[in-house]
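Encoded as structure tokens, the structure appears first; notes follow it.
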Amino acid sequence: MFANTSKYALKALHYIAVHSSEEQRVLAKDVANALDLHKPFLSKILNQLASKNFIHSVKGPYGGFYLTKEQKDRSVMDIIIELEGKDNFSQCILNFESCNEINPCPIHNLVAFEKESLRNSIKNVRITDLQEDLNYL
């Protein structure tokens with residue numbers, strides 16, 4: 001459903017939310033190692049998120065990544081849209097550009113309500129909601 005970029009970002013944000021603070025930042029290599037992710041790709045994602053103020057980055061020997069309280073209150077949907085450049089839930093499931101309420105594709109009316117419901121659910125998830133320390137790590 002989501003691009004690998006968004007999946008990596010959400011996994012990394014979960015890890016950073018659980019394991020960092022302003023005083024104890026985490027390095028991209030530590031996040032990559034802990035989550036078994038490709039470090040160069042993850043670093044690019046984290047730097048992109050930092051440039052858009054979704055995450056805080058400090059350079060230097062005591063640098064790393066962490067989340068402020070305000071950043072933790074951001075919507076997961078905002079991150080997905082920033083990284084993917086679009087809202088997949090507003091796109092036609094068959095990728096017809098002209099599909100909409102007025103000009104629906106053959107399955108538009110079958111999935112429209114569910115897509116909107118899922119979109120609203122994800123929009124209401126905040127980064128802070130990812131902070132729960134899950135056992136899968």
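Order determines the names: the first chain of the structure tokens is A, the second B, and so forth; residues in each chain are numbered 1 upward, and ligands are numbered 1 upward as they are shown.
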Using only C-alpha atoms, which protein or nucleic acid residues come within 8 Å of range 93-96 of chain A? Drop anything in the same chain fewer than 2 positions from it, and give the result as a list in words. Gln91, Ser98, Cys99, Cys105 and His108 of chain A
Just the selected residues (C-alpha atoms), exported as a compact mmCIF listing (two decimals), in the first residue's frame, please.
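See result06.txt below for the written result:
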```txt
# COMPACT_ATOMS: atom_id res chain seq x y z
CA GLN A 91 -6.16 8.18 -5.95
CA SER A 98 -10.47 10.95 -14.35
CA CYS A 99 -12.07 8.77 -11.66
CA CYS A 105 -14.50 3.94 -12.44
CA HIS A 108 -15.09 3.39 -7.33
```
Could you pull out the helix (DSSP H, G or I) residues of range 28-99 of chain A from DSSP and send them as a PyMOL selection string? chain A and resi 28-35+39-51+69-72+76-84+88-90
Same residues, C-alpha atoms, output as a compact mmCIF listing (two decimals), in the first residue's frame:
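Result file is out-v5.txt:
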```
# COMPACT_ATOMS: atom_id res chain seq x y z
CA ALA A 28 21.14 6.79 11.32
CA LYS A 29 23.50 3.80 11.38
CA ASP A 30 22.10 2.67 14.75
CA VAL A 31 18.53 2.94 13.47
CA ALA A 32 19.48 1.09 10.27
CA ASN A 33 21.21 -1.68 12.23
CA ALA A 34 18.39 -2.07 14.73
CA LEU A 35 15.74 -2.27 12.01
CA LYS A 39 21.69 2.75 5.81
CA PRO A 40 22.25 5.02 2.77
CA PHE A 41 18.57 4.89 1.83
CA LEU A 42 17.49 5.44 5.42
CA SER A 43 19.91 8.35 5.83
CA LYS A 44 18.45 10.02 2.77
CA ILE A 45 14.92 9.60 4.17
CA LEU A 46 15.87 10.93 7.61
CA ASN A 47 17.61 13.94 6.09
CA GLN A 48 14.54 14.63 3.94
CA LEU A 49 12.32 14.45 7.04
CA ALA A 50 14.71 16.75 8.91
CA SER A 51 14.69 19.29 6.07
CA LYS A 69 7.15 17.24 21.40
CA GLU A 70 5.71 19.28 18.52
CA GLN A 71 7.15 16.91 15.94
CA LYS A 72 5.65 13.92 17.75
CA VAL A 76 1.60 10.04 9.99
CA MET A 77 -0.42 10.93 6.89
CA ASP A 78 1.53 14.19 6.52
CA ILE A 79 4.77 12.19 6.45
CA ILE A 80 3.45 9.74 3.87
CA ILE A 81 2.23 12.55 1.62
CA GLU A 82 5.55 14.41 2.00
CA LEU A 83 7.60 11.35 1.06
CA GLU A 84 5.37 9.96 -1.67
CA ASN A 88 -2.70 7.47 -2.21
CA PHE A 89 -6.10 7.32 -0.58
CA SER A 90 -7.45 10.01 -2.88
```
Could you check how far CA of Ala17 in chain A sits from CA of Gln131 in chain A, in Å to one decimal?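 Computing it gives 5.2 Å between the two atoms.
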